[in-house]
Amino acid sequence: MIALPSSLNANLVIGIALLVMLLVVAGAIVRTRSLLAAIILFSIYSLVSAVWLVVMDAADVAFTEAVIGAGVSTIVLLGAILLTRGEVEKPGWRALVAPALVCAGVGGLLIYAAAGLPALGDPASPANAHVGRAYLEAAPKEIGAPNIVTAVLASYRGFDTLGETAVIFAAGIGVALMLGFGPHASPLPPAATIGDHHVVLRVSAKFLIPLIALFALYVQFHGDLGAGGGFQAGVIMAAAIILHALVFGLRDTMMAVPPRLVRSIAALGVLLYAGVGVACMLNGGAFLDYDYLFPPAFEKQVPGWLLGDPEHAHHWGQHFGILLIELGVLLTVAATMLTIFYGFAGRTVEAIRQERGA
Amino acid sequence: MTDMLSLIGGVCVVAGTALSLIGAAGLLRFPDVYTRIHAASITDTGGASLVLLGLCLIAGLSLTALKLAFVWFSIMLTTPVAANALANAAFGSGHRPRIGAFQIMRTDERRKTSRGTEAP
Amino acid sequence: MLLAAGAAGLLVAMTITIARAIMGPSHYDRILAVNSFGTKTVLLLSVIGFVFGRPAFLDIAIIYAPINFVTTIALMKFFRYRSLAQPLGLSAGEETLDD
């Protein structure tokens, strides 16, 4: 993106202010001995970096950072704290020497390397000159998706994204394996909290949960046009269900969205993604070559008015391919986030005690 | 006409920002959790309303204005509820206001909680 | 110009909020600071979208407001009850699914 000269100064000033904030928050995270305070500060850190990414015009990345960094990872970290202590003791200075040397070395190397980076938005830089430029020029013709990021992510680099989806799936399986598959004890509110009501929260949560799910769908289907897509939408969808679990209790949520179903959905997402690729192969194309998603005989039947513009009728396969794999990503990411949340949140003291007793 | 609207919108944005700043000052300076919640939540909703109204005036009737209305809607829905839940939780976990009626009733607990940084 | 002033003011407000988040003293102060910081972030995202002439940034602001709420509730619940699993306390008249 070419920054307008008038906005360049604002860009620079806001960027510097945000980076100073980042430094201050990072310093505070290092200094604090309370892990709980560190989690809260991490949330702020993610927020600041999300705004900074927006200022750098990386809207898709900023989206992911805001949703995952400040949203779900905070909740997962809280779940992890449940299994450990909330404080760390101050280490002696001897223990700090080696890490400090490594940090200083790596930091110095990075600063040295940063001096050799091309300028921001330099059209002659290697990243922009060769394959990047080719994508920029070819994508509107070949893919037809207005958001180039989505075109590259879902179509040109569809195989890489399949790999990422599989990695997320594997992470979910790893957490489930470590923390247990079975249903955990989901305690009722202790008698002491019965009078301690949260009526306002419960009523408004009932209203908010469908709204958040609706936002998730908006992000999902808006990914072609602007920032967004399956990854972000999946996390937002998981956040809606997590809100339900937070307010109405994990047991009620597990009744509504059973863990077994969630794990199946996670696998189904990867299957859908890979299945699209195989369908393309069966129709004579390469793996994940969406132009071959539908058989040519079928493609000819499609009336041009479906996409409005007759010239773009051949993007039909691309559109549906991207839609389908984004759906697969949505399913996998949402289900994996939920599996992780179920694993951590269900791992209560009572559950561990019951398991040992049994 | 459009210039006039933009000007009014800009003034609204600055006014909303000023409210946010006042709220932040309150967040920094007020003596206990409850007064801070009071300062932050009221000015957040008020400031957000003014800022988003100002941006709406600048955007005119368009999809952008609709999106701004959505932002306003979700802020108005979430911020007060979060403040309520937070005050509820803080009170439930033993924080007592440092000013007001409860101070007289619960001085023993106040002494306990105002010294330690952790909730009991 | 006015918008840039607004963005600058929001940045200052965010800085003050960070100070409260670092100072504490109780965790509820920190949660409050995060929540307030999130709201200000939403506003800043909206305003800089207009400053840079890219209203598409609003999509992030739309999503961020409810996500901020979920985070705040999670933090609140964790510090109040030391659990993410149990339902929030019921008022006297409400019933659970048990019956």
# chains A, B, ... in the order shown; residues from 1 in each chain; ligands from 1
>>> interface_residues(of="chain A", to="chain B", cutoff="10 Å", atoms="only C-alpha atoms", output="mmCIF file with N, CA and C atoms, in the first residue's frame")
data_model
loop_
_atom_site.group_PDB
_atom_site.id
_atom_site.type_symbol
_atom_site.label_atom_id
_atom_site.label_comp_id
_atom_site.auth_asym_id
_atom_site.auth_seq_id
_atom_site.Cartn_x
_atom_site.Cartn_y
_atom_site.Cartn_z
ATOM 1 N N THR A 193 -22.146 -19.337 46.590
ATOM 2 C CA THR A 193 -22.306 -18.401 45.484
ATOM 3 C C THR A 193 -23.754 -18.303 45.017
ATOM 4 N N ASP A 196 -24.985 -14.948 45.289
ATOM 5 C CA ASP A 196 -24.053 -14.040 44.628
ATOM 6 C C ASP A 196 -24.387 -14.021 43.143
ATOM 7 N N HIS A 197 -25.487 -13.391 42.819
ATOM 8 C CA HIS A 197 -26.037 -13.615 41.485
ATOM 9 C C HIS A 197 -25.425 -12.688 40.448
ATOM 10 N N HIS A 198 -25.447 -13.149 39.228
ATOM 11 C CA HIS A 198 -24.969 -12.356 38.096
ATOM 12 C C HIS A 198 -26.093 -12.248 37.077
ATOM 13 N N VAL A 199 -27.240 -11.754 37.502
ATOM 14 C CA VAL A 199 -28.408 -11.782 36.620
ATOM 15 C C VAL A 199 -28.170 -10.953 35.369
ATOM 16 N N VAL A 200 -27.590 -9.764 35.564
ATOM 17 C CA VAL A 200 -27.361 -8.888 34.415
ATOM 18 C C VAL A 200 -26.504 -9.603 33.382
ATOM 19 N N LEU A 201 -25.449 -10.257 33.887
ATOM 20 C CA LEU A 201 -24.522 -10.932 32.991
ATOM 21 C C LEU A 201 -25.212 -12.087 32.276
ATOM 22 N N ARG A 202 -26.005 -12.855 33.031
ATOM 23 C CA ARG A 202 -26.654 -14.011 32.416
ATOM 24 C C ARG A 202 -27.631 -13.584 31.344
ATOM 25 N N VAL A 203 -28.414 -12.546 31.632
ATOM 26 C CA VAL A 203 -29.414 -12.110 30.652
ATOM 27 C C VAL A 203 -28.740 -11.570 29.406
ATOM 28 N N SER A 204 -27.706 -10.710 29.604
ATOM 29 C CA SER A 204 -27.112 -10.115 28.413
ATOM 30 C C SER A 204 -26.269 -11.133 27.655
ATOM 31 N N ALA A 205 -25.748 -12.146 28.357
ATOM 32 C CA ALA A 205 -24.977 -13.171 27.649
ATOM 33 C C ALA A 205 -25.884 -13.947 26.699
ATOM 34 N N PHE A 207 -28.179 -12.836 25.039
ATOM 35 C CA PHE A 207 -28.352 -12.017 23.850
ATOM 36 C C PHE A 207 -27.068 -11.934 23.047
ATOM 37 N N LEU A 208 -25.927 -11.926 23.763
ATOM 38 C CA LEU A 208 -24.651 -11.695 23.082
ATOM 39 C C LEU A 208 -24.157 -12.920 22.324
ATOM 40 N N LEU A 211 -25.202 -13.203 18.856
ATOM 41 C CA LEU A 211 -24.659 -12.051 18.129
ATOM 42 C C LEU A 211 -23.205 -12.301 17.750
ATOM 43 N N ILE A 212 -22.430 -12.857 18.683
ATOM 44 C CA ILE A 212 -21.025 -13.134 18.396
ATOM 45 C C ILE A 212 -20.929 -14.201 17.304
#
>>> interface_residues(of="chain B", to="chain C", cutoff="8 Å", atoms="only C-alpha atoms", output="JSON, numbers by chain")
{"B": [10, 11, 13, 14, 17, 18, 20, 21, 24, 25, 27, 28, 33, 36, 37, 40, 41, 44, 48, 51, 52, 55, 64, 67, 68, 70, 71, 74, 75, 78, 79, 82, 83, 85, 86, 89, 90, 92, 93, 117, 118, 119]}
>>> write_last_selection(atoms="N, CA and C atoms", output="short mmCIF file (atom, residue, chain, number, x, y, z; two decimals), in the first residue's frame")
data_model
loop_
_atom_site.label_atom_id
_atom_site.label_comp_id
_atom_site.auth_asym_id
_atom_site.auth_seq_id
_atom_site.Cartn_x
_atom_site.Cartn_y
_atom_site.Cartn_z
N GLY B 10 -16.02 16.07 13.57
CA GLY B 10 -14.69 16.16 14.17
C GLY B 10 -14.75 16.66 15.59
N VAL B 11 -15.61 17.66 15.82
CA VAL B 11 -15.75 18.19 17.18
C VAL B 11 -16.27 17.11 18.11
N VAL B 13 -15.83 13.89 17.78
CA VAL B 13 -14.74 12.94 18.04
C VAL B 13 -13.82 13.48 19.12
N VAL B 14 -13.46 14.78 19.00
CA VAL B 14 -12.55 15.35 19.99
C VAL B 14 -13.21 15.37 21.37
N THR B 17 -13.09 11.95 22.75
CA THR B 17 -11.73 11.66 23.20
C THR B 17 -11.45 12.31 24.54
N ALA B 18 -11.94 13.57 24.67
CA ALA B 18 -11.73 14.27 25.94
C ALA B 18 -12.40 13.51 27.07
N SER B 20 -12.90 10.28 27.17
CA SER B 20 -12.07 9.11 27.43
C SER B 20 -10.86 9.48 28.28
N LEU B 21 -10.28 10.65 27.97
CA LEU B 21 -9.11 11.10 28.73
C LEU B 21 -9.49 11.35 30.18
N ALA B 24 -9.82 8.14 31.85
CA ALA B 24 -8.51 7.54 32.13
C ALA B 24 -7.87 8.21 33.33
N ALA B 25 -8.04 9.52 33.44
CA ALA B 25 -7.50 10.22 34.61
C ALA B 25 -8.17 9.70 35.88
N LEU B 27 -9.48 6.77 36.25
CA LEU B 27 -8.98 5.41 36.46
C LEU B 27 -7.65 5.44 37.20
N LEU B 28 -6.86 6.47 36.90
CA LEU B 28 -5.53 6.54 37.52
C LEU B 28 -5.61 7.11 38.93
N VAL B 33 -11.40 0.37 43.84
CA VAL B 33 -11.87 -0.30 42.63
C VAL B 33 -13.20 0.28 42.15
N ARG B 36 -13.09 3.61 40.52
CA ARG B 36 -12.40 3.49 39.23
C ARG B 36 -13.32 2.88 38.18
N ILE B 37 -14.08 1.84 38.59
CA ILE B 37 -15.03 1.24 37.66
C ILE B 37 -16.03 2.29 37.20
N ALA B 40 -14.30 4.67 34.74
CA ALA B 40 -13.93 4.10 33.45
C ALA B 40 -15.16 3.72 32.63
N SER B 41 -16.15 3.08 33.27
CA SER B 41 -17.23 2.55 32.45
C SER B 41 -18.12 3.66 31.91
N ASP B 44 -16.28 5.48 29.23
CA ASP B 44 -16.07 4.64 28.04
C ASP B 44 -17.32 4.61 27.17
N ALA B 48 -17.33 6.67 23.81
CA ALA B 48 -17.49 5.86 22.60
C ALA B 48 -18.67 6.36 21.79
N VAL B 51 -17.59 9.59 20.02
CA VAL B 51 -16.61 9.36 18.95
C VAL B 51 -17.30 8.70 17.75
N LEU B 52 -18.10 7.68 18.03
CA LEU B 52 -18.73 6.95 16.92
C LEU B 52 -19.77 7.82 16.23
N LEU B 55 -17.86 10.04 13.94
CA LEU B 55 -17.40 9.34 12.73
C LEU B 55 -18.58 9.09 11.79
N THR B 64 -20.44 2.23 5.91
CA THR B 64 -19.55 2.55 7.02
C THR B 64 -20.33 3.01 8.24
N LYS B 67 -21.78 0.10 9.95
CA LYS B 67 -20.78 -0.63 10.74
C LYS B 67 -20.50 0.11 12.04
N LEU B 68 -20.41 1.46 11.95
CA LEU B 68 -20.18 2.24 13.17
C LEU B 68 -21.32 2.04 14.14
N PHE B 70 -23.03 -0.62 14.44
CA PHE B 70 -22.81 -1.93 15.05
C PHE B 70 -21.78 -1.86 16.16
N VAL B 71 -20.69 -1.14 15.88
CA VAL B 71 -19.65 -0.99 16.91
C VAL B 71 -20.27 -0.36 18.16
N SER B 74 -22.48 -2.83 20.03
CA SER B 74 -21.83 -3.85 20.85
C SER B 74 -21.10 -3.22 22.03
N ILE B 75 -20.59 -2.00 21.88
CA ILE B 75 -19.96 -1.36 23.04
C ILE B 75 -21.00 -1.05 24.10
N THR B 78 -21.82 -4.31 25.84
CA THR B 78 -20.83 -5.07 26.60
C THR B 78 -20.21 -4.27 27.75
N THR B 79 -19.87 -3.00 27.52
CA THR B 79 -19.10 -2.28 28.55
C THR B 79 -19.85 -2.16 29.88
N ALA B 82 -19.98 -5.59 31.56
CA ALA B 82 -18.67 -5.98 32.09
C ALA B 82 -18.38 -5.22 33.38
N ALA B 83 -18.72 -3.92 33.41
CA ALA B 83 -18.48 -3.13 34.62
C ALA B 83 -19.31 -3.66 35.77
N ALA B 85 -20.49 -6.74 36.14
CA ALA B 85 -19.99 -8.04 36.57
C ALA B 85 -18.71 -7.89 37.37
N LEU B 86 -17.89 -6.93 36.96
CA LEU B 86 -16.61 -6.71 37.64
C LEU B 86 -16.84 -6.20 39.06
N ALA B 89 -18.12 -8.99 41.16
CA ALA B 89 -17.08 -9.95 41.55
C ALA B 89 -16.16 -9.34 42.59
N ALA B 90 -15.81 -8.06 42.41
CA ALA B 90 -14.91 -7.43 43.37
C ALA B 90 -15.55 -7.40 44.75
N GLY B 92 -17.94 -9.39 45.82
CA GLY B 92 -18.06 -10.76 46.31
C GLY B 92 -16.76 -11.29 46.88
N SER B 93 -15.64 -10.86 46.33
CA SER B 93 -14.38 -11.41 46.81
C SER B 93 -13.80 -10.56 47.94
N THR B 117 -2.50 -6.62 48.39
CA THR B 117 -2.86 -6.36 47.00
C THR B 117 -3.71 -7.49 46.45
N GLU B 118 -3.64 -8.67 47.07
CA GLU B 118 -4.38 -9.80 46.52
C GLU B 118 -5.78 -9.82 47.10
N ALA B 119 -6.69 -10.33 46.26
CA ALA B 119 -8.03 -10.57 46.77
C ALA B 119 -7.95 -11.77 47.71
#
>>> closest_residue(among="A:Met337, A:Leu282, A:Ile75, A:Ala127", to="chain C", atoms="only C-alpha atoms")
A:Ile75
>>> atom_distance(atom1="CA of Gly346 in chain A", atom2="CA of Ile242 in chain A")
12.2 Å
>>> residues_around(residues="Ala85 in chain C", least_positions_apart="4", cutoff="6 Å", atoms="only C-alpha atoms", output="list in words")
Gly249, Leu250 and Ala345 of chain A
>>> select_by_dssp(residues="chain B", states="alpha helix (DSSP H)", output="PyMOL selection string")
chain B and resi 2-29+33-59+63-92+101-105+107-115
>>> atom_distance(atom1="CA of Ile39 in chain A", atom2="CA of Thr74 in chain A")
6.5 Å
>>> closest_residue(among="A:Leu77, A:Cys103, A:Ala239, A:Leu136", to="chain C", atoms="only C-alpha atoms")
A:Ala239
>>> residues_around(residues="range 285-289 of chain A", least_positions_apart="3", cutoff="10 Å", atoms="only C-alpha atoms", output="PyMOL selection string")
chain A and resi 154-159+162+273-282+292-293+295+317-318+321-322+325
>>> write_last_selection(atoms="N, CA and C atoms", output="mmCIF file, in the first residue's frame")
data_model
loop_
_atom_site.group_PDB
_atom_site.id
_atom_site.type_symbol
_atom_site.label_atom_id
_atom_site.label_comp_id
_atom_site.auth_asym_id
_atom_site.auth_seq_id
_atom_site.Cartn_x
_atom_site.Cartn_y
_atom_site.Cartn_z
ATOM 1 N N ALA A 154 -5.657 -18.970 0.267
ATOM 2 C CA ALA A 154 -6.571 -20.092 0.067
ATOM 3 C C ALA A 154 -6.364 -20.796 -1.266
ATOM 4 N N SER A 155 -5.847 -20.073 -2.255
ATOM 5 C CA SER A 155 -5.763 -20.696 -3.570
ATOM 6 C C SER A 155 -4.324 -20.996 -3.980
ATOM 7 N N TYR A 156 -3.507 -19.926 -4.114
ATOM 8 C CA TYR A 156 -2.130 -20.164 -4.563
ATOM 9 C C TYR A 156 -1.370 -21.008 -3.551
ATOM 10 N N ARG A 157 -1.531 -20.657 -2.285
ATOM 11 C CA ARG A 157 -0.821 -21.379 -1.227
ATOM 12 C C ARG A 157 -1.784 -22.264 -0.450
ATOM 13 N N GLY A 158 -2.762 -22.823 -1.160
ATOM 14 C CA GLY A 158 -3.750 -23.649 -0.486
ATOM 15 C C GLY A 158 -3.139 -24.833 0.234
ATOM 16 N N PHE A 159 -2.054 -25.352 -0.334
ATOM 17 C CA PHE A 159 -1.421 -26.517 0.275
ATOM 18 C C PHE A 159 -0.800 -26.152 1.622
ATOM 19 N N LEU A 162 -3.469 -25.862 4.115
ATOM 20 C CA LEU A 162 -3.881 -27.198 4.559
ATOM 21 C C LEU A 162 -2.949 -27.691 5.659
ATOM 22 N N TYR A 273 -11.320 -30.058 3.833
ATOM 23 C CA TYR A 273 -10.262 -29.338 3.122
ATOM 24 C C TYR A 273 -9.539 -30.287 2.159
ATOM 25 N N ALA A 274 -9.075 -31.415 2.701
ATOM 26 C CA ALA A 274 -8.328 -32.347 1.854
ATOM 27 C C ALA A 274 -9.248 -32.943 0.790
ATOM 28 N N GLY A 275 -10.537 -33.127 1.146
ATOM 29 C CA GLY A 275 -11.483 -33.691 0.185
ATOM 30 C C GLY A 275 -11.664 -32.800 -1.025
ATOM 31 N N VAL A 276 -11.678 -31.488 -0.807
ATOM 32 C CA VAL A 276 -11.767 -30.558 -1.930
ATOM 33 C C VAL A 276 -10.588 -30.779 -2.864
ATOM 34 N N GLY A 277 -9.387 -30.940 -2.257
ATOM 35 C CA GLY A 277 -8.196 -31.180 -3.067
ATOM 36 C C GLY A 277 -8.324 -32.449 -3.881
ATOM 37 N N VAL A 278 -8.803 -33.503 -3.241
ATOM 38 C CA VAL A 278 -8.918 -34.780 -3.943
ATOM 39 C C VAL A 278 -9.968 -34.683 -5.052
ATOM 40 N N ALA A 279 -11.069 -33.940 -4.774
ATOM 41 C CA ALA A 279 -12.098 -33.774 -5.804
ATOM 42 C C ALA A 279 -11.517 -33.099 -7.035
ATOM 43 N N CYS A 280 -10.642 -32.112 -6.814
ATOM 44 C CA CYS A 280 -9.995 -31.454 -7.954
ATOM 45 C C CYS A 280 -9.147 -32.454 -8.731
ATOM 46 N N MET A 281 -8.448 -33.338 -8.001
ATOM 47 C CA MET A 281 -7.612 -34.327 -8.680
ATOM 48 C C MET A 281 -8.478 -35.276 -9.502
ATOM 49 N N LEU A 282 -9.616 -35.687 -8.942
ATOM 50 C CA LEU A 282 -10.487 -36.631 -9.645
ATOM 51 C C LEU A 282 -11.009 -36.039 -10.947
ATOM 52 N N TYR A 292 -10.652 -27.014 -11.359
ATOM 53 C CA TYR A 292 -11.165 -28.335 -11.711
ATOM 54 C C TYR A 292 -12.091 -28.884 -10.638
ATOM 55 N N LEU A 293 -12.590 -27.984 -9.768
ATOM 56 C CA LEU A 293 -13.423 -28.470 -8.666
ATOM 57 C C LEU A 293 -14.681 -29.139 -9.204
ATOM 58 N N PRO A 295 -16.662 -30.875 -12.605
ATOM 59 C CA PRO A 295 -16.330 -31.470 -13.903
ATOM 60 C C PRO A 295 -16.645 -30.473 -15.021
ATOM 61 N N GLY A 317 -15.425 -22.152 -9.995
ATOM 62 C CA GLY A 317 -14.714 -23.175 -9.228
ATOM 63 C C GLY A 317 -13.854 -22.559 -8.153
ATOM 64 N N GLN A 318 -13.148 -21.466 -8.492
ATOM 65 C CA GLN A 318 -12.293 -20.813 -7.504
ATOM 66 C C GLN A 318 -13.113 -20.332 -6.316
ATOM 67 N N GLY A 321 -14.326 -23.299 -4.340
ATOM 68 C CA GLY A 321 -13.200 -23.951 -3.681
ATOM 69 C C GLY A 321 -12.773 -23.176 -2.448
ATOM 70 N N ILE A 322 -12.602 -21.841 -2.601
ATOM 71 C CA ILE A 322 -12.170 -21.026 -1.463
ATOM 72 C C ILE A 322 -13.213 -21.079 -0.356
ATOM 73 N N ILE A 325 -12.948 -24.568 1.412
ATOM 74 C CA ILE A 325 -11.800 -24.801 2.290
ATOM 75 C C ILE A 325 -11.834 -23.844 3.477
#
>>> atom_distance(atom1="CA of Ile8 in chain B", atom2="CA of Ile22 in chain B")
20.9 Å
